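A.B. asks: So that you have it, the file is work-v5.csv, and it contains CSV, C-alpha atoms:
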chain,number,residue,atom,x,y,z
A,518,MET,CA,3.2,1.8,17.9
A,519,ASP,CA,2.8,2.0,21.7
A,520,THR,CA,5.2,5.0,21.8
A,521,VAL,CA,3.3,6.7,19.0
A,522,LEU,CA,0.0,6.3,20.8
A,523,GLU,CA,1.6,7.5,24.1
A,524,LEU,CA,2.8,10.7,22.5
A,525,ALA,CA,-0.5,11.2,20.8
A,526,ASP,CA,-2.4,10.7,24.1
A,527,GLU,CA,-0.1,13.2,25.9
A,528,TYR,CA,-0.2,16.0,23.4
A,529,VAL,CA,-3.6,15.5,21.6
A,530,PHE,CA,-6.0,12.8,22.8
A,531,ASP,CA,-6.1,13.3,26.5
A,532,SER,CA,-7.4,16.9,26.2
A,533,LEU,CA,-9.4,16.1,23.1
A,534,TYR,CA,-11.4,13.3,24.7
A,535,GLU,CA,-11.8,15.3,27.9
A,536,LYS,CA,-13.4,18.1,25.9
A,537,THR,CA,-15.5,16.0,23.5
A,538,ILE,CA,-16.8,13.3,25.9
A,539,SER,CA,-18.9,15.3,28.4
A,540,ALA,CA,-20.2,14.1,31.7
A,541,SER,CA,-23.7,14.0,30.4
A,542,PHE,CA,-22.7,11.7,27.6
A,543,LEU,CA,-20.9,9.4,29.9
A,544,ASN,CA,-24.0,9.2,32.1
A,545,ASN,CA,-26.1,8.0,29.2
A,546,SER,CA,-27.1,4.5,30.0
A,547,THR,CA,-26.8,3.3,26.3
A,548,ALA,CA,-23.2,4.6,26.0
A,549,TYR,CA,-22.1,3.8,29.6
A,550,GLY,CA,-20.7,0.4,28.8
A,551,VAL,CA,-18.4,1.9,26.2
A,552,PHE,CA,-17.4,5.1,27.8
A,553,ASP,CA,-17.5,4.4,31.6
A,554,SER,CA,-13.7,4.2,31.7
A,555,TRP,CA,-12.4,6.2,28.8
A,556,ASP,CA,-8.8,6.1,30.0
A,557,ARG,CA,-5.7,5.4,27.9
A,558,ASP,CA,-5.9,1.6,28.3
A,559,ASN,CA,-9.5,1.5,27.0
A,560,ALA,CA,-9.6,-0.6,23.8
A,561,TYR,CA,-12.4,1.5,22.3
A,562,ARG,CA,-10.4,4.7,22.9
A,563,GLN,CA,-7.3,3.1,21.5
A,564,THR,CA,-9.2,2.0,18.4
A,565,VAL,CA,-10.5,5.5,17.8
A,566,SER,CA,-7.1,7.0,18.5
A,567,PHE,CA,-5.3,4.7,16.0
A,568,THR,CA,-8.0,5.4,13.4
A,569,LEU,CA,-7.4,9.1,13.7
A,570,ILE,CA,-3.6,8.7,13.7
A,571,LEU,CA,-3.7,6.5,10.6
A,572,THR,CA,-6.2,8.7,8.8
A,573,VAL,CA,-4.4,12.0,9.4
A,574,GLY,CA,-0.9,10.6,9.2
A,575,GLY,CA,-1.7,8.6,6.1
A,576,ILE,CA,-3.2,11.5,4.3
A,577,LEU,CA,-0.3,13.8,5.2
A,578,PHE,CA,2.3,11.2,4.2
A,579,TYR,CA,0.5,10.4,1.0
A,580,LEU,CA,0.3,14.0,-0.1
A,581,PHE,CA,3.8,14.8,0.9
A,582,ALA,CA,5.5,11.8,-0.7
A,583,ALA,CA,3.4,11.7,-3.9
A,584,THR,CA,3.8,15.5,-4.4
A,585,LEU,CA,7.6,15.3,-4.0
A,586,SER,CA,7.7,12.4,-6.4
A,587,TYR,CA,5.4,14.1,-8.9
A,588,TYR,CA,7.4,17.3,-9.1
A,589,PHE,CA,11.0,15.9,-8.8
A,590,VAL,CA,10.9,12.4,-10.2
A,591,TYR,CA,7.9,11.7,-12.4
A,592,ASP,CA,8.3,11.8,-16.2
A,593,HIS,CA,5.6,14.3,-17.2
A,594,ASP,CA,5.8,13.2,-20.8
A,595,MET,CA,3.9,10.1,-19.8
A,596,MET,CA,0.8,12.3,-19.4
A,597,LYS,CA,0.7,12.5,-23.2
A,598,HIS,CA,-0.2,8.8,-23.4
A,599,PRO,CA,-3.7,8.2,-24.9
A,600,LYS,CA,-4.6,6.1,-21.8
A,601,PHE,CA,-3.8,9.0,-19.5
A,602,LEU,CA,-7.3,10.3,-18.4
A,603,LYS,CA,-8.6,13.8,-18.4
A,604,ASN,CA,-8.3,15.3,-14.8
A,605,GLN,CA,-6.6,12.0,-13.8
A,606,ILE,CA,-4.4,13.5,-11.1
A,607,ARG,CA,-7.4,15.1,-9.4
A,608,MET,CA,-9.3,11.8,-9.6
A,609,GLU,CA,-6.3,9.9,-8.2
A,610,ILE,CA,-6.1,12.2,-5.2
A,611,GLU,CA,-9.8,12.2,-4.6
A,612,CYS,CA,-9.8,8.4,-4.7
A,613,ALA,CA,-6.9,8.1,-2.3
A,614,LEU,CA,-8.4,10.6,0.2
A,615,THR,CA,-11.6,8.6,0.1
A,616,ALA,CA,-9.9,5.3,0.7
A,617,LEU,CA,-7.4,6.2,3.4
A,618,PRO,CA,-10.0,6.7,6.2
A,619,GLY,CA,-11.5,3.3,5.4
A,620,ILE,CA,-8.1,1.6,5.5
A,621,ALA,CA,-7.4,3.3,8.8
A,622,VAL,CA,-10.6,1.9,10.3
A,623,MET,CA,-9.8,-1.7,9.2
A,624,THR,CA,-6.1,-1.4,10.2
A,625,ALA,CA,-6.6,0.1,13.7
A,626,PRO,CA,-7.4,-3.2,15.5
A,627,TRP,CA,-4.1,-4.6,14.4
A,628,PHE,CA,-2.3,-1.8,16.3
A,629,VAL,CA,-4.6,-2.1,19.3
A,630,GLY,CA,-3.6,-5.8,19.5
A,631,GLU,CA,0.1,-4.8,19.3
A,632,VAL,CA,-0.4,-2.3,22.2
A,633,LYS,CA,-2.2,-5.0,24.2
A,634,GLY,CA,0.7,-7.3,23.8
A,635,TYR,CA,-0.7,-9.9,21.4
A,636,SER,CA,2.0,-9.4,18.8
A,637,GLN,CA,5.7,-10.4,18.8
A,638,ILE,CA,6.9,-6.7,18.8
A,639,TYR,CA,9.5,-6.0,21.4
A,640,GLY,CA,11.4,-2.9,22.6
A,641,GLY,CA,14.6,-2.0,24.4
A,642,VAL,CA,18.2,-2.0,23.2
A,643,PRO,CA,19.3,-5.3,21.5
A,644,GLN,CA,21.6,-7.3,23.7
A,645,GLY,CA,24.7,-9.0,22.3
A,646,PHE,CA,25.5,-10.3,18.9
A,647,ILE,CA,22.3,-12.4,18.6
A,648,GLY,CA,20.1,-9.4,19.4
A,649,TRP,CA,21.7,-7.2,16.8
A,650,ALA,CA,21.9,-10.0,14.3
A,651,TRP,CA,18.2,-10.5,14.6
A,652,ILE,CA,17.6,-6.8,14.0
A,653,VAL,CA,19.6,-7.0,10.7
A,654,LEU,CA,18.0,-10.3,9.6
A,655,SER,CA,14.5,-8.9,10.4
A,656,VAL,CA,14.7,-6.6,7.4
A,657,PRO,CA,15.1,-9.2,4.6
A,658,ALA,CA,12.8,-11.6,6.6
A,659,PHE,CA,10.0,-8.9,6.7
A,660,LEU,CA,10.5,-8.1,3.0
A,661,CYS,CA,10.5,-11.7,1.8
A,662,PHE,CA,7.4,-12.6,3.9
A,663,THR,CA,5.4,-9.6,2.9
A,664,ASP,CA,6.4,-9.9,-0.7
A,665,CYS,CA,5.1,-13.4,-0.9
A,666,GLY,CA,1.9,-12.5,0.8
A,667,ILE,CA,1.2,-9.5,-1.3
A,668,TYR,CA,2.0,-11.4,-4.5
A,669,TRP,CA,-0.7,-14.0,-3.8
A,670,ILE,CA,-3.2,-11.5,-2.6
A,671,HIS,CA,-2.6,-9.3,-5.6
A,672,ARG,CA,-2.8,-12.2,-8.0
A,673,TRP,CA,-6.0,-13.4,-6.3
A,674,GLU,CA,-7.5,-9.9,-6.8
A,675,HIS,CA,-7.0,-10.3,-10.5
A,676,HIS,CA,-9.4,-13.3,-10.6
A,677,PRO,CA,-12.4,-12.4,-12.8
A,678,LEU,CA,-14.8,-13.0,-9.9
A,679,ILE,CA,-12.9,-10.6,-7.6
A,680,TYR,CA,-11.3,-8.1,-9.9
A,681,LYS,CA,-14.4,-5.9,-10.7
A,682,ARG,CA,-15.5,-5.8,-7.1
A,683,VAL,CA,-12.2,-5.1,-5.4
A,684,HIS,CA,-9.2,-4.2,-7.6
A,685,LYS,CA,-10.4,-2.7,-10.9
A,686,LEU,CA,-10.5,0.9,-9.6
A,687,HIS,CA,-6.7,0.9,-9.2
A,688,HIS,CA,-6.3,-0.2,-12.8
A,689,LYS,CA,-8.3,2.8,-13.9
A,690,TRP,CA,-4.9,4.4,-13.8
A,691,ILE,CA,-3.3,2.6,-16.7
A,692,ILE,CA,-0.6,5.3,-16.9
A,693,PRO,CA,-0.3,6.0,-13.2
A,694,THR,CA,1.3,8.9,-11.5
A,695,PRO,CA,2.7,8.9,-7.9
A,696,PHE,CA,-0.8,10.0,-6.8
A,697,ALA,CA,-2.1,6.7,-8.0
A,698,SER,CA,0.0,4.9,-5.3
A,699,HIS,CA,-2.8,4.9,-2.7
A,700,ALA,CA,-5.7,5.4,-5.1
A,701,PHE,CA,-7.8,2.2,-4.8
A,702,ARG,CA,-10.8,0.9,-2.9
A,703,ALA,CA,-10.3,0.9,0.8
A,704,VAL,CA,-10.7,-2.9,1.0
A,705,ASP,CA,-8.2,-3.3,-1.7
A,706,GLY,CA,-5.6,-1.3,0.1
A,707,TYR,CA,-6.3,-3.0,3.3
A,708,VAL,CA,-6.1,-6.6,2.2
A,709,GLN,CA,-2.8,-5.9,0.5
A,710,SER,CA,-1.4,-4.5,3.7
A,711,VAL,CA,-2.4,-7.5,5.8
A,712,PRO,CA,1.0,-9.3,5.5
A,713,TYR,CA,2.7,-6.2,7.0
A,714,HIS,CA,0.6,-6.6,10.2
A,715,LEU,CA,0.5,-10.3,10.2
A,716,TYR,CA,4.3,-10.6,10.2
A,717,VAL,CA,4.7,-9.1,13.7
A,718,TYR,CA,2.1,-11.4,15.1
A,719,LEU,CA,4.1,-14.4,13.9
A,720,PHE,CA,7.7,-13.3,14.2
A,721,PRO,CA,9.6,-11.0,16.7
A,722,MET,CA,10.5,-7.6,15.5
A,723,HIS,CA,11.8,-4.5,17.2
A,724,LYS,CA,9.1,-1.8,17.5
A,725,TRP,CA,11.2,1.0,16.0
A,726,LEU,CA,12.3,-1.2,13.1
A,727,TYR,CA,8.7,-2.0,12.5
A,728,VAL,CA,7.8,1.7,12.4
A,729,ALA,CA,10.7,2.3,10.0
A,730,MET,CA,9.5,-0.6,7.7
A,731,PHE,CA,5.9,0.6,7.8
A,732,ILE,CA,7.1,4.0,6.6
A,733,PHE,CA,9.4,2.4,4.0
A,734,VAL,CA,6.7,0.3,2.4
A,735,ASN,CA,4.5,3.3,1.9
A,736,PHE,CA,7.4,5.2,0.3
A,737,TRP,CA,8.0,2.1,-1.9
A,738,THR,CA,4.3,2.1,-2.9
A,739,VAL,CA,4.8,5.7,-4.2
A,740,MET,CA,8.1,4.9,-5.8
A,741,ILE,CA,6.8,2.1,-8.0
A,742,HIS,CA,4.3,4.5,-9.4
A,743,ASP,CA,6.8,7.3,-10.1
A,744,GLY,CA,7.5,6.6,-13.8
A,745,ALA,CA,11.2,6.9,-13.3
A,746,PHE,CA,12.6,3.8,-15.0
A,747,VAL,CA,16.1,4.1,-13.9
A,748,SER,CA,16.9,0.6,-12.6
A,749,HIS,CA,17.1,-2.2,-15.1
A,750,SER,CA,17.1,-4.8,-12.4
A,751,THR,CA,15.8,-8.3,-13.1
A,752,ILE,CA,15.6,-9.1,-9.3
A,753,ILE,CA,13.9,-6.0,-7.9
A,754,ASN,CA,10.3,-5.2,-8.8
A,755,THR,CA,11.0,-1.7,-10.1
A,756,SER,CA,8.7,1.1,-11.2
A,757,ALA,CA,9.3,-0.2,-14.8
A,758,HIS,CA,8.0,-3.6,-13.7
A,759,HIS,CA,5.0,-2.0,-12.1
A,760,ALA,CA,4.3,0.1,-15.2
A,761,VAL,CA,4.2,-3.1,-17.2
A,762,HIS,CA,1.7,-4.4,-14.7
A,763,HIS,CA,-0.6,-1.4,-15.2
A,764,LEU,CA,-0.3,-1.7,-18.9
A,765,TYR,CA,-0.5,-5.4,-19.5
A,766,PHE,CA,-2.4,-6.4,-16.4
A,767,ASN,CA,-1.5,-10.1,-15.9
A,768,TYR,CA,2.2,-9.6,-15.0
A,769,ASN,CA,4.4,-8.5,-12.2
A,770,TYR,CA,2.2,-8.9,-9.2
A,771,GLY,CA,5.1,-8.7,-6.7
A,772,GLN,CA,5.8,-5.8,-4.5
A,773,TYR,CA,9.6,-5.8,-4.0
A,774,PHE,CA,11.1,-8.7,-5.9
A,775,THR,CA,10.5,-10.7,-9.1
A,776,LEU,CA,11.0,-14.1,-7.4
A,777,TRP,CA,7.3,-15.0,-7.0
A,778,ASP,CA,6.4,-13.7,-10.4
A,779,ARG,CA,9.1,-16.0,-11.9
A,780,LEU,CA,7.9,-19.0,-9.8
A,781,GLY,CA,4.2,-18.2,-10.7
A,782,ASN,CA,5.0,-17.7,-14.4
A,783,SER,CA,3.7,-14.1,-14.3
A,784,HIS,CA,7.0,-12.2,-14.7
A,785,ARG,CA,7.4,-9.8,-17.7
A,786,GLN,CA,10.7,-8.0,-17.9
A,787,PRO,CA,10.4,-4.4,-19.0
A,788,THR,CA,11.8,-3.6,-22.4
A,789,ASP,CA,13.0,-0.5,-24.3
A,790,GLU,CA,9.4,0.6,-24.4
A,791,GLN,CA,10.0,1.5,-20.7
A,792,TYR,CA,13.7,2.2,-20.6
A,793,ASN,CA,14.3,4.1,-23.9
A,794,VAL,CA,12.9,7.7,-23.5
A,795,GLU,CA,12.4,8.2,-27.2
A,796,LEU,CA,10.6,4.9,-27.8
A,797,ARG,CA,8.6,5.4,-24.6
A,798,ASN,CA,7.2,8.7,-25.8
A,799,ASN,CA,6.7,7.5,-29.4
A,800,LYS,CA,3.0,8.1,-30.4
A,801,LYS,CA,2.8,4.8,-32.4
A,802,VAL,CA,4.1,2.9,-29.4
A,803,MET,CA,1.6,4.6,-27.1
A,804,ILE,CA,-1.3,3.8,-29.4
A,805,ARG,CA,-0.3,0.2,-29.6
A,806,GLN,CA,0.1,0.0,-25.8
A,807,ALA,CA,-3.4,1.4,-25.4
A,808,LEU,CA,-5.0,-1.1,-27.7
A,809,ASP,CA,-3.1,-4.0,-26.1
A,810,ALA,CA,-4.1,-2.8,-22.6
A,811,GLU,CA,-7.8,-2.7,-23.6
A,812,THR,CA,-7.6,-6.2,-25.2
A,813,ILE,CA,-5.8,-7.8,-22.3
A,814,GLU,CA,-8.0,-6.4,-19.6
A,815,ALA,CA,-11.2,-7.2,-21.5
A,816,SER,CA,-10.1,-10.8,-21.9
A,817,SER,CA,-9.0,-11.1,-18.3
A,818,GLU,CA,-12.3,-9.8,-16.9
A,819,ALA,CA,-14.3,-12.3,-18.8
A,820,PRO,CA,-15.3,-15.4,-16.7
A,821,LYS,CA,-13.4,-18.4,-17.8
A,822,THR,CA,-15.7,-21.1,-19.3
A,823,LYS,CA,-14.9,-24.8,-19.4
A,824,ILE,CA,-14.9,-26.2,-22.9
A,825,GLN,CA,-16.8,-29.5,-23.1
Translate this file's structure into structure tokens.

C.D. replies:
Amino acid sequence: MDTVLELADEYVFDSLYEKTISASFLNNSTAYGVFDSWDRDNAYRQTVSFTLILTVGGILFYLFAATLSYYFVYDHDMMKHPKFLKNQIRMEIECALTALPGIAVMTAPWFVGEVKGYSQIYGGVPQGFIGWAWIVLSVPAFLCFTDCGIYWIHRWEHHPLIYKRVHKLHHKWIIPTPFASHAFRAVDGYVQSVPYHLYVYLFPMHKWLYVAMFIFVNFWTVMIHDGAFVSHSTIINTSAHHAVHHLYFNYNYGQYFTLWDRLGNSHRQPTDEQYNVELRNNKKVMIRQALDAETIEASSEAPKTKIQ
């Protein structure tokens, strides 16, 4: 992210901060400790810069990717489902636009740490076979590490003591659209993103590959909400698997793969209710799904009591 920040400084932030942080403000004794050296290496400036980059970039990316998916991929017949809410798309967008700035604020320190050299991110052209081999191996390593982390975080968020306070808003969209991909509480979106940032503090990763994977995971988040149940994979956590999660609540917590759901006894393979178009759009099936969803979520929210 150092190159991203450098470009943003050169073309936006240098002039922006020069105009907005006046000499009179810098001379203020209260603010002096923060703004006395508001140069590119200032940690406070970098934090503000990354917050702005992530907020603006996140909103633009979300609107772009979700809009493309909605108009060119999403099955609009799903909007006939009884659990599809009135004005749901507008509510999803409003929810996401409210959450993304908060996520940016919490995420910015990770990127500042990377720029300051505290992470294992590296640059340059890979040297020799080992250098290129590590680039290739970094992709599955990143996916496997983050998939494990997200599985356990996501499953923890479904604990009755946590669910209502953190994750329930995202399950308001029982029949999600691509615009539901980032429609959650800011703290919910942030904690599920922690494995992405933690990985590069533990393991070496090329900076441009990290940027590419960061973009990919956000595309993937949109894709698993796109309602296009094309893949029948039993290994990949597809949009059909994630649709089952939104409907039936206690299954398919994984992000990319079904491995951890299988190990954690929370895997539920999609059926013809997802794959067969006629059955998926059958009114009787939709009504039964709606009743099942209400029953399962209500029982899952109830605190578990120990029987004496």

A.B. asks: Do a neighbour search on Ile638 of chain A at 9 Å with only C-alpha atoms, toss out local chain neighbours closer than 5 positions, and write the hits as a ChimeraX atom specification.

C.D. replies: /A:631,717-718,720-724,727

A.B. asks: Any idea what the distance is between atom CA of Trp725 of chain A and atom CA of Ser636 of chain A?

C.D. replies: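 A separation of 14.2 Å between them.
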
A.B. asks: Taking all atoms listed in the file into account, which of A:Lys536, A:His598, A:His784, A:His699 comes nearest Tyr770 of chain A?

C.D. replies: A:His784

A.B. asks: Give me, please, the distance in Å between atom CA of Leu678 of chain A and atom CA of Pro712 of chain A, quoted to one decimal.

C.D. replies: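 Distance between the two atoms: 22.4 Å.
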
A.B. asks: What does the structure give for the distance between atom CA of Gly630 of chain A and atom CA of Tyr561 of chain A, in Å to one decimal?

C.D. replies: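 Computed distance, atom CA of Gly630 of chain A to atom CA of Tyr561 of chain A, equals 11.8 Å.
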
A.B. asks: List as a list in words the protein and nucleic acid residues near segment 801-804 of chain A, meaning an atom at most 12 Å away when all atoms listed in the file are counted, but skip any in the same chain fewer than 5 places from it.

C.D. replies: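 Once the adjacent positions are removed, what remains is Asp594, Met595, Met596, Lys597, His598, Pro599, Lys600, Phe601, Ile691, Ile692, Leu764, Asp789, Glu790, Gln791, Asn793, Val794, Glu795, Leu796, Asp809, Ala810 and Glu811 of chain A.
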